[in-house]
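Engineer: Please find one structure pasted underneath; my questions will follow.
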Amino acid sequence: MRHSWRGVLAALLALSLAVPACAAPAEGEAAARREDLEFLYQTLEKAHPDLFANMPEGRFLERKAAIEAGLEEVDDFTFALELQSLAALAGDSHTTLALGGSLSQTVHYYPMSLLYRDGRWYLSAAPAERRELLGREVTAVNGRSMEETADAFGAVLSADNGVKLRRQYRQSCNVAEFYEYLGLVQEGGPLELTLAGGGELALSPVPAEELGQAGLVRLNDGLPQPVTGAQDRFYLAFPLDEGTYYIQYNSCREDPELPMETFAAQVEQELSAGQYRRVIVDLRNNGGGSDGVIWPLLQVLRQAMDRGLEGVGLIGETTFSSAVINAVELQEMGMTLVGEPASGSVDHFGAVRSAQLPNSGLRLGVSSKYIDLGELLDADAGRGVEPLEPDVTVAQTMADTLAGRDTAVEWLLSHPQRLEPRAYPEAPLTRGRLAALLWQAAGCPEAEGGAFSDALGIEWFLPALCWARESGAASGTGEGAFEAARPVTRQEAAVLLLRTAELLGLEPGQPGTPPEDEAQAAPWAREAVRWVCSDGLMETEQGRFRPEEGLTRQEGEAAVARLSALAG
């Protein structure tokens with residue numbers, strides 16, 4: 001199983017979902033629903049790259065059989081929820097059934113909405129006669145804690161991590177049919193919100209067409225907005241002060257009225273004309289699109305950072321899909337991420353393809369590939385299907401929301417010192433990161449030649465790759481490639497250490513006792529393996545070197561530190 005939180009969903013599915021009773025469907029409708037159910041399951045099974053990665057096939061078949069047994073007992077929206085509960089088993093945020101369209105007209109809503117800020121839930125919309133409750137913390141729904149309630153929605157909401165599930169719950173927290181289907185309220189019954197400090201708010205559901213007439217008041221009505229508040233534009237940029245330049249990237253899409261090439265050129269001109277110390281790239285409002293759109297901007301930022309400008313990325317709950325890829329690319333450039341965990345996972349299923357169910361017309365989105373950023377980016381090393389975490393957590397507070405302040409941006413403006421990314425000492429050491437450590441040990445010499453052919457051109461360790469190629473510290477893996485994101489093996493590390501030692505003018509010491517498993521090392525690595533063992537640069541375990549195993553970042557840093565000590 002790729003991520004353990006899905007065990008919560010398995011426990012939920014062990015319980016019977018509460019299917020509301022209703023009139024039997026018209027003659028022939030059950031057969032049409034059966035066809036839609038079979039179509040959905042077959043599409044999931046054939047199109048998804050690894051449908052049973054997070055839930056065994058048996059669970060899918062049990063859920064499918066349960067749905068089939070109740071085809072004649074549910075209304076259209078409940079049937080759609082049944083189908084979505086099957087898709088949700090994939091534990092894939094991108095594989096989901098769209099429940100909008102004509103179905104939304106049959107839905108009932110509770111006249112309220114919720115807002116999540118700094119680990120707590122708050123009432124952000126309410127009936128006008130209860131406006132005094134706006135902004136109050138909500139601690140429970142119908143007697144269940146907020147965490148329990150959000151987890152329960154995992155049976156019908158597609159999510160591959162807990163942050164995404166929480167966001168999905170927030171977006172559907174006022175839909176009465178969800179609560180009824182999950183057995184959290186009686187059909188047509190009230191929703192009771194427990195408020196911190198005492199008191200409750202009981203709400204009755206209203207039809208969709210009456211929601212607009214319910215006299216709702218909203219927390220954000222009339223609230224002041226910070227200058228960095230979300231704008232209705234794909235991307236924009238402006239200075240925050242004389243030392244800080246701000247870029248808001250809201251959608252991974254090309255603006256037809258301002259192509260990214262043009263926008264990037266404008267940014268380059270403004271950065272060159274100013275005296276900026278820091279550039280902020282804000283991805284907190286970005287739900288994805290095409291990850292390649294941003295590349296002209298990344299190239300401009302790479303040049304600016306090479307001139308000494310500090311880069312900082314902002315992420316938050318909305319950051320998802322391609323925006324997560326872009327955020328990890330910012331880390332690959334050496335930027336520090338600030339903000340809150342993203343709803344998008346670092347590695348994830350994606351590249352969605354759509355299919356329409358033949359009878360209901362419901363549209364299914366299915367992931368077609370598994371996106372492992374670790375194949376391309378050192379910044380992904382050691383991560384997986386987990387929310388992208390900031391290097392520095394600065395959560396938006398409710399107090400700042402009410403005052404119209406941007407917590408993260410104000411924190412950055414009050415902390416002008418250069419930030420350090422999170423260390424991840426136990427992450428696998430990649431070939432690119434080891435090259436950077438060795439380059440630093442050699443004194444960060446400049447290199448005139450280019451990097452290896454497979455370098456992306458934005459890496460923070462790009463100068464190290466240029467040095468490694470020009471100096472001969474690393475010869476690459478053939479055809480001019482280096483595979484910088486691949487975890488380095490211990491025998492590869494030994495060779496790179498020896499070559500760097502020779503560049504530093506060090507003479508290998510007398511060979512000591514070879515490791516017991518020396519024969520398992522490749523012929524091209526045996527001299528280096530003997531040397532790093534005899535000089536104590538790399539440790540053995542009970543006399544074994546383990547040439548094909550990898551190193552952690554911490555182990556690599558320790559080996560290079562020993563090399564630096566030998567060099568004096």
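Just remember, in the structure tokens the first chain shown is A, the second B, etc., residues are 1-based per chain, and ligands are 1-based in the order shown.
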Need to verify the contact set: stretch 99-114 of chain A, 9 Å, only C-alpha atoms, exclusion of same-chain residues closer than 2 positions in sequence. Can you return it as a ChimeraX atom specification?
Structural biologist: /A:76-77,80-81,84,97,116,121-127,138,170-177,188,190-191,203-209,211,214-218,362-363
Engineer: Please identify which residues in stretch 366-415 of chain A DSSP calls helix (DSSP H, G or I) from the backbone, and express them as a PyMOL selection string.
Structural biologist: chain A and resi 373-375+378-380+398-403+407-414
Engineer: Excluding A:Phe461 and any residue of its chain fewer than 4 positions from it, enumerate the residues within 8 Å of it, using only C-alpha atoms, and give them as a list in words.
Structural biologist: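 Within the cut-off, the hits are Gly432, Arg433, Ala435, Ala436 and Leu465 of chain A.
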Engineer: Excluding stretch 231-236 of chain A and any residue of its chain fewer than 3 positions from it, enumerate the residues within 6 Å of it, using only C-alpha atoms, and give them as a list in words.
Structural biologist: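 My list of contacting residues is Ile247, Gln248, Tyr249, Asn250 and Ser251 of chain A.
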Engineer: I need the strand (DSSP E or B) residues of stretch 58-270 of chain A per DSSP on the backbone, written as a PDB file with N, CA and C atoms, in the first residue's frame.
Structural biologist:
ATOM      1  N   THR A  96     -11.894  10.141 -10.561  1.00  0.00           N
ATOM      2  CA  THR A  96     -13.121  10.552  -9.890  1.00  0.00           C
ATOM      3  C   THR A  96     -14.262  10.695 -10.889  1.00  0.00           C
ATOM      4  N   LEU A  97     -15.476  10.619 -10.373  1.00  0.00           N
ATOM      5  CA  LEU A  97     -16.686  10.755 -11.186  1.00  0.00           C
ATOM      6  C   LEU A  97     -17.269  12.143 -10.952  1.00  0.00           C
ATOM      7  N   HIS A 108     -29.797  18.716  -2.145  1.00  0.00           N
ATOM      8  CA  HIS A 108     -30.221  19.599  -1.057  1.00  0.00           C
ATOM      9  C   HIS A 108     -28.982  20.078  -0.306  1.00  0.00           C
ATOM     10  N   TYR A 109     -29.059  21.312   0.168  1.00  0.00           N
ATOM     11  CA  TYR A 109     -27.900  21.910   0.811  1.00  0.00           C
ATOM     12  C   TYR A 109     -28.267  22.445   2.192  1.00  0.00           C
ATOM     13  N   SER A 113     -21.286  27.126   5.217  1.00  0.00           N
ATOM     14  CA  SER A 113     -20.021  26.633   4.678  1.00  0.00           C
ATOM     15  C   SER A 113     -18.975  26.728   5.776  1.00  0.00           C
ATOM     16  N   LEU A 114     -17.873  26.001   5.583  1.00  0.00           N
ATOM     17  CA  LEU A 114     -16.815  25.940   6.587  1.00  0.00           C
ATOM     18  C   LEU A 114     -15.495  26.394   5.989  1.00  0.00           C
ATOM     19  N   LEU A 115     -14.636  26.903   6.828  1.00  0.00           N
ATOM     20  CA  LEU A 115     -13.311  27.357   6.446  1.00  0.00           C
ATOM     21  C   LEU A 115     -12.296  26.702   7.371  1.00  0.00           C
ATOM     22  N   TYR A 116     -11.187  26.244   6.798  1.00  0.00           N
ATOM     23  CA  TYR A 116     -10.129  25.610   7.590  1.00  0.00           C
ATOM     24  C   TYR A 116      -8.950  26.575   7.692  1.00  0.00           C
ATOM     25  N   ARG A 117      -8.585  26.903   8.909  1.00  0.00           N
ATOM     26  CA  ARG A 117      -7.474  27.806   9.137  1.00  0.00           C
ATOM     27  C   ARG A 117      -6.643  27.326  10.324  1.00  0.00           C
ATOM     28  N   ARG A 120      -7.883  24.419  12.480  1.00  0.00           N
ATOM     29  CA  ARG A 120      -9.228  24.472  13.045  1.00  0.00           C
ATOM     30  C   ARG A 120     -10.244  24.780  11.952  1.00  0.00           C
ATOM     31  N   TRP A 121     -11.502  24.419  12.241  1.00  0.00           N
ATOM     32  CA  TRP A 121     -12.603  24.685  11.320  1.00  0.00           C
ATOM     33  C   TRP A 121     -13.429  25.854  11.851  1.00  0.00           C
ATOM     34  N   TYR A 122     -13.855  26.710  10.925  1.00  0.00           N
ATOM     35  CA  TYR A 122     -14.631  27.888  11.300  1.00  0.00           C
ATOM     36  C   TYR A 122     -15.868  28.002  10.405  1.00  0.00           C
ATOM     37  N   LEU A 123     -16.916  28.556  10.966  1.00  0.00           N
ATOM     38  CA  LEU A 123     -18.141  28.791  10.210  1.00  0.00           C
ATOM     39  C   LEU A 123     -17.933  30.011   9.313  1.00  0.00           C
ATOM     40  N   SER A 124     -18.028  29.801   7.996  1.00  0.00           N
ATOM     41  CA  SER A 124     -17.754  30.900   7.064  1.00  0.00           C
ATOM     42  C   SER A 124     -18.988  31.366   6.308  1.00  0.00           C
ATOM     43  N   ALA A 125     -20.128  30.678   6.461  1.00  0.00           N
ATOM     44  CA  ALA A 125     -21.397  31.140   5.907  1.00  0.00           C
ATOM     45  C   ALA A 125     -22.505  30.598   6.797  1.00  0.00           C
ATOM     46  N   ALA A 126     -23.575  31.380   6.959  1.00  0.00           N
ATOM     47  CA  ALA A 126     -24.671  30.987   7.849  1.00  0.00           C
ATOM     48  C   ALA A 126     -25.915  31.771   7.459  1.00  0.00           C
ATOM     49  N   PRO A 127     -27.096  31.332   7.908  1.00  0.00           N
ATOM     50  CA  PRO A 127     -28.302  32.123   7.679  1.00  0.00           C
ATOM     51  C   PRO A 127     -28.156  33.524   8.278  1.00  0.00           C
ATOM     52  N   GLU A 137     -15.447  28.948  15.822  1.00  0.00           N
ATOM     53  CA  GLU A 137     -14.845  27.646  15.554  1.00  0.00           C
ATOM     54  C   GLU A 137     -15.897  26.546  15.681  1.00  0.00           C
ATOM     55  N   VAL A 138     -15.889  25.617  14.733  1.00  0.00           N
ATOM     56  CA  VAL A 138     -16.786  24.456  14.743  1.00  0.00           C
ATOM     57  C   VAL A 138     -15.964  23.243  15.160  1.00  0.00           C
ATOM     58  N   THR A 139     -16.402  22.539  16.196  1.00  0.00           N
ATOM     59  CA  THR A 139     -15.621  21.410  16.724  1.00  0.00           C
ATOM     60  C   THR A 139     -16.212  20.049  16.398  1.00  0.00           C
ATOM     61  N   ALA A 140     -17.509  20.001  16.029  1.00  0.00           N
ATOM     62  CA  ALA A 140     -18.133  18.703  15.758  1.00  0.00           C
ATOM     63  C   ALA A 140     -19.333  18.899  14.846  1.00  0.00           C
ATOM     64  N   VAL A 141     -19.686  17.829  14.130  1.00  0.00           N
ATOM     65  CA  VAL A 141     -20.873  17.789  13.277  1.00  0.00           C
ATOM     66  C   VAL A 141     -21.705  16.590  13.701  1.00  0.00           C
ATOM     67  N   ARG A 144     -19.952  14.147  15.945  1.00  0.00           N
ATOM     68  CA  ARG A 144     -18.661  13.595  15.518  1.00  0.00           C
ATOM     69  C   ARG A 144     -17.651  14.728  15.388  1.00  0.00           C
ATOM     70  N   SER A 145     -16.418  14.448  15.776  1.00  0.00           N
ATOM     71  CA  SER A 145     -15.374  15.456  15.645  1.00  0.00           C
ATOM     72  C   SER A 145     -15.189  15.809  14.180  1.00  0.00           C
ATOM     73  N   VAL A 175     -23.518  19.615   1.458  1.00  0.00           N
ATOM     74  CA  VAL A 175     -24.386  18.778   0.628  1.00  0.00           C
ATOM     75  C   VAL A 175     -25.069  17.734   1.505  1.00  0.00           C
ATOM     76  N   LEU A 191     -28.612  19.196  10.400  1.00  0.00           N
ATOM     77  CA  LEU A 191     -27.180  19.104  10.657  1.00  0.00           C
ATOM     78  C   LEU A 191     -26.900  19.998  11.848  1.00  0.00           C
ATOM     79  N   GLU A 192     -26.286  19.425  12.890  1.00  0.00           N
ATOM     80  CA  GLU A 192     -26.024  20.181  14.107  1.00  0.00           C
ATOM     81  C   GLU A 192     -24.521  20.433  14.241  1.00  0.00           C
ATOM     82  N   LEU A 193     -24.148  21.696  14.219  1.00  0.00           N
ATOM     83  CA  LEU A 193     -22.756  22.087  14.366  1.00  0.00           C
ATOM     84  C   LEU A 193     -22.498  22.492  15.807  1.00  0.00           C
ATOM     85  N   THR A 194     -21.488  21.859  16.419  1.00  0.00           N
ATOM     86  CA  THR A 194     -21.093  22.220  17.781  1.00  0.00           C
ATOM     87  C   THR A 194     -20.024  23.296  17.709  1.00  0.00           C
ATOM     88  N   LEU A 195     -20.217  24.362  18.478  1.00  0.00           N
ATOM     89  CA  LEU A 195     -19.315  25.504  18.420  1.00  0.00           C
ATOM     90  C   LEU A 195     -18.421  25.550  19.656  1.00  0.00           C
ATOM     91  N   GLU A 200     -24.735  25.575  19.784  1.00  0.00           N
ATOM     92  CA  GLU A 200     -24.884  24.749  18.598  1.00  0.00           C
ATOM     93  C   GLU A 200     -25.647  25.529  17.539  1.00  0.00           C
ATOM     94  N   LEU A 201     -25.516  25.087  16.303  1.00  0.00           N
ATOM     95  CA  LEU A 201     -26.283  25.633  15.194  1.00  0.00           C
ATOM     96  C   LEU A 201     -26.917  24.476  14.458  1.00  0.00           C
ATOM     97  N   ALA A 202     -28.238  24.393  14.475  1.00  0.00           N
ATOM     98  CA  ALA A 202     -28.979  23.328  13.786  1.00  0.00           C
ATOM     99  C   ALA A 202     -29.502  23.882  12.466  1.00  0.00           C
ATOM    100  N   LEU A 203     -29.231  23.162  11.390  1.00  0.00           N
ATOM    101  CA  LEU A 203     -29.602  23.618  10.056  1.00  0.00           C
ATOM    102  C   LEU A 203     -30.398  22.549   9.333  1.00  0.00           C
ATOM    103  N   VAL A 206     -32.117  22.542   2.337  1.00  0.00           N
ATOM    104  CA  VAL A 206     -33.031  23.207   1.413  1.00  0.00           C
ATOM    105  C   VAL A 206     -32.683  22.762  -0.007  1.00  0.00           C
ATOM    106  N   PRO A 207     -33.673  22.729  -0.924  1.00  0.00           N
ATOM    107  CA  PRO A 207     -33.383  22.361  -2.314  1.00  0.00           C
ATOM    108  C   PRO A 207     -32.410  23.339  -2.957  1.00  0.00           C
ATOM    109  N   LEU A 216     -28.221  33.853   2.948  1.00  0.00           N
ATOM    110  CA  LEU A 216     -26.929  33.536   3.561  1.00  0.00           C
ATOM    111  C   LEU A 216     -26.069  34.783   3.716  1.00  0.00           C
ATOM    112  N   VAL A 217     -25.326  34.825   4.790  1.00  0.00           N
ATOM    113  CA  VAL A 217     -24.278  35.837   4.965  1.00  0.00           C
ATOM    114  C   VAL A 217     -22.951  35.101   5.023  1.00  0.00           C
ATOM    115  N   ARG A 218     -21.929  35.722   4.474  1.00  0.00           N
ATOM    116  CA  ARG A 218     -20.633  35.059   4.350  1.00  0.00           C
ATOM    117  C   ARG A 218     -19.556  35.848   5.071  1.00  0.00           C
ATOM    118  N   TYR A 235      -1.496  34.556 -14.279  1.00  0.00           N
ATOM    119  CA  TYR A 235      -0.247  34.925 -13.609  1.00  0.00           C
ATOM    120  C   TYR A 235      -0.074  36.435 -13.668  1.00  0.00           C
ATOM    121  N   LEU A 236       0.618  36.950 -12.668  1.00  0.00           N
ATOM    122  CA  LEU A 236       0.893  38.378 -12.567  1.00  0.00           C
ATOM    123  C   LEU A 236       2.106  38.574 -11.671  1.00  0.00           C
ATOM    124  N   ALA A 237       2.688  39.771 -11.711  1.00  0.00           N
ATOM    125  CA  ALA A 237       3.885  40.029 -10.906  1.00  0.00           C
ATOM    126  C   ALA A 237       3.975  41.517 -10.581  1.00  0.00           C
ATOM    127  N   PHE A 238       4.548  41.807  -9.410  1.00  0.00           N
ATOM    128  CA  PHE A 238       4.758  43.189  -8.999  1.00  0.00           C
ATOM    129  C   PHE A 238       5.685  43.201  -7.778  1.00  0.00           C
ATOM    130  N   PRO A 239       6.342  44.322  -7.496  1.00  0.00           N
ATOM    131  CA  PRO A 239       7.190  44.401  -6.303  1.00  0.00           C
ATOM    132  C   PRO A 239       6.348  44.582  -5.041  1.00  0.00           C
ATOM    133  N   LEU A 240       6.748  43.892  -3.976  1.00  0.00           N
ATOM    134  CA  LEU A 240       6.104  44.089  -2.676  1.00  0.00           C
ATOM    135  C   LEU A 240       6.768  45.224  -1.913  1.00  0.00           C
ATOM    136  N   ASP A 241       8.058  45.310  -2.052  1.00  0.00           N
ATOM    137  CA  ASP A 241       8.819  46.441  -1.521  1.00  0.00           C
ATOM    138  C   ASP A 241      10.089  46.536  -2.348  1.00  0.00           C
ATOM    139  N   THR A 244      11.791  42.998  -2.468  1.00  0.00           N
ATOM    140  CA  THR A 244      11.038  41.759  -2.668  1.00  0.00           C
ATOM    141  C   THR A 244      10.147  41.867  -3.891  1.00  0.00           C
ATOM    142  N   TYR A 245      10.330  40.940  -4.811  1.00  0.00           N
ATOM    143  CA  TYR A 245       9.520  40.877  -6.033  1.00  0.00           C
ATOM    144  C   TYR A 245       8.585  39.678  -5.917  1.00  0.00           C
ATOM    145  N   TYR A 246       7.333  39.875  -6.287  1.00  0.00           N
ATOM    146  CA  TYR A 246       6.287  38.867  -6.055  1.00  0.00           C
ATOM    147  C   TYR A 246       5.669  38.423  -7.379  1.00  0.00           C
ATOM    148  N   ILE A 247       5.563  37.092  -7.567  1.00  0.00           N
ATOM    149  CA  ILE A 247       4.929  36.500  -8.747  1.00  0.00           C
ATOM    150  C   ILE A 247       3.799  35.599  -8.271  1.00  0.00           C
ATOM    151  N   GLN A 248       2.608  35.831  -8.763  1.00  0.00           N
ATOM    152  CA  GLN A 248       1.458  34.977  -8.429  1.00  0.00           C
ATOM    153  C   GLN A 248       1.132  34.115  -9.647  1.00  0.00           C
ATOM    154  N   TYR A 249       1.264  32.797  -9.479  1.00  0.00           N
ATOM    155  CA  TYR A 249       1.036  31.842 -10.573  1.00  0.00           C
ATOM    156  C   TYR A 249      -0.188  31.008 -10.205  1.00  0.00           C
ATOM    157  N   CYS A 252      -1.761  26.599 -14.217  1.00  0.00           N
ATOM    158  CA  CYS A 252      -0.728  26.091 -15.118  1.00  0.00           C
ATOM    159  C   CYS A 252      -1.272  26.077 -16.547  1.00  0.00           C
ATOM    160  N   ASP A 255      -1.894  32.083 -20.757  1.00  0.00           N
ATOM    161  CA  ASP A 255      -2.850  33.178 -20.922  1.00  0.00           C
ATOM    162  C   ASP A 255      -2.798  33.618 -22.387  1.00  0.00           C
ATOM    163  N   LEU A 258      -1.531  37.056 -22.714  1.00  0.00           N
ATOM    164  CA  LEU A 258      -0.183  37.319 -22.213  1.00  0.00           C
ATOM    165  C   LEU A 258       0.590  35.996 -22.206  1.00  0.00           C
TER     166      LEU A 258
END
Engineer: Write out as a list in words each polymer residue whose atoms come within 10 Å of A:Thr43, counting only C-alpha atoms; drop sequence neighbours fewer than 3 positions from it.
Structural biologist: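 Within the cut-off, the hits are Leu37, Glu38, Phe39, Leu40, Lys46, Ala47, His48, Ser354, Ala355, Leu357, Leu364, Gly365 and Val366 of chain A.
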Engineer: Quick one: residues within 10 Å of A:Gly308, only C-alpha atoms counted, chain neighbours fewer than 3 positions away excluded, as number ranges by chain?
Structural biologist: A: 276-278, 302-305, 311
Engineer: Would you export the selected residues with N, CA and C atoms as a PDB file, in the first residue's frame, please?
Structural biologist:
ATOM      1  N   TYR A 276      16.446  43.947  -6.098  1.00  0.00           N
ATOM      2  CA  TYR A 276      15.734  42.972  -5.287  1.00  0.00           C
ATOM      3  C   TYR A 276      16.685  41.959  -4.664  1.00  0.00           C
ATOM      4  N   ARG A 277      16.360  41.543  -3.453  1.00  0.00           N
ATOM      5  CA  ARG A 277      17.113  40.499  -2.753  1.00  0.00           C
ATOM      6  C   ARG A 277      16.394  39.154  -2.829  1.00  0.00           C
ATOM      7  N   ARG A 278      15.062  39.207  -3.010  1.00  0.00           N
ATOM      8  CA  ARG A 278      14.272  37.975  -2.943  1.00  0.00           C
ATOM      9  C   ARG A 278      13.138  38.040  -3.961  1.00  0.00           C
ATOM     10  N   ARG A 302      16.162  31.158 -12.855  1.00  0.00           N
ATOM     11  CA  ARG A 302      17.468  30.513 -12.693  1.00  0.00           C
ATOM     12  C   ARG A 302      18.589  31.535 -12.895  1.00  0.00           C
ATOM     13  N   GLN A 303      18.453  32.346 -13.921  1.00  0.00           N
ATOM     14  CA  GLN A 303      19.476  33.367 -14.192  1.00  0.00           C
ATOM     15  C   GLN A 303      19.541  34.389 -13.056  1.00  0.00           C
ATOM     16  N   ALA A 304      18.370  34.768 -12.541  1.00  0.00           N
ATOM     17  CA  ALA A 304      18.343  35.735 -11.449  1.00  0.00           C
ATOM     18  C   ALA A 304      18.971  35.166 -10.186  1.00  0.00           C
ATOM     19  N   MET A 305      18.700  33.904  -9.907  1.00  0.00           N
ATOM     20  CA  MET A 305      19.284  33.267  -8.731  1.00  0.00           C
ATOM     21  C   MET A 305      20.785  33.095  -8.890  1.00  0.00           C
ATOM     22  N   GLY A 311      15.363  32.805  -4.095  1.00  0.00           N
ATOM     23  CA  GLY A 311      14.045  32.394  -4.548  1.00  0.00           C
ATOM     24  C   GLY A 311      13.285  31.691  -3.437  1.00  0.00           C
TER      25      GLY A 311
END
Engineer: Excluding A:Thr477 and any residue of its chain fewer than 3 positions from it, enumerate the residues within 12 Å of it, using only C-alpha atoms, and give them as a PyMOL selection string.
Structural biologist: chain A and resi 431+452-454+469+474+480-484+486+488+492
Engineer: Figure out the distance between atom CA of A:Gly556 and atom CA of A:Arg418, please, to one decimal in Å.
Structural biologist: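 One can read the atom CA of A:Arg418 to atom CA of A:Gly556 distance as 24.5 Å.
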Engineer: What does the distance from atom CA of A:Glu541 to atom CA of A:Thr513 come to in Å, to one decimal?
Structural biologist: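 Computing it gives 13.7 Å between the two atoms.
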Engineer: Rounded to one decimal, what separation in Å do you get between atom CA of A:Val293 and atom CA of A:Val324?
Structural biologist: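 That distance, rounded to one decimal, is 13.3 Å.
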Engineer: Please determine, counting only C-alpha atoms, which residue among A:Gly457, A:Gln554, A:Ile294, A:Ser158 has the shortest atom-to-atom distance to A:Ala98.
Structural biologist: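 That would be A:Ser158, the residue with the smallest distance to A:Ala98.
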Engineer: Looking at A:Gly476, A:Gly183, A:Gly568, A:Gly316, which one is nearest to A:Gly505, with distances taken over only C-alpha atoms?
Structural biologist: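 Among A:Gly476, A:Gly183, A:Gly568, A:Gly316, it is A:Gly568 that comes nearest to A:Gly505.
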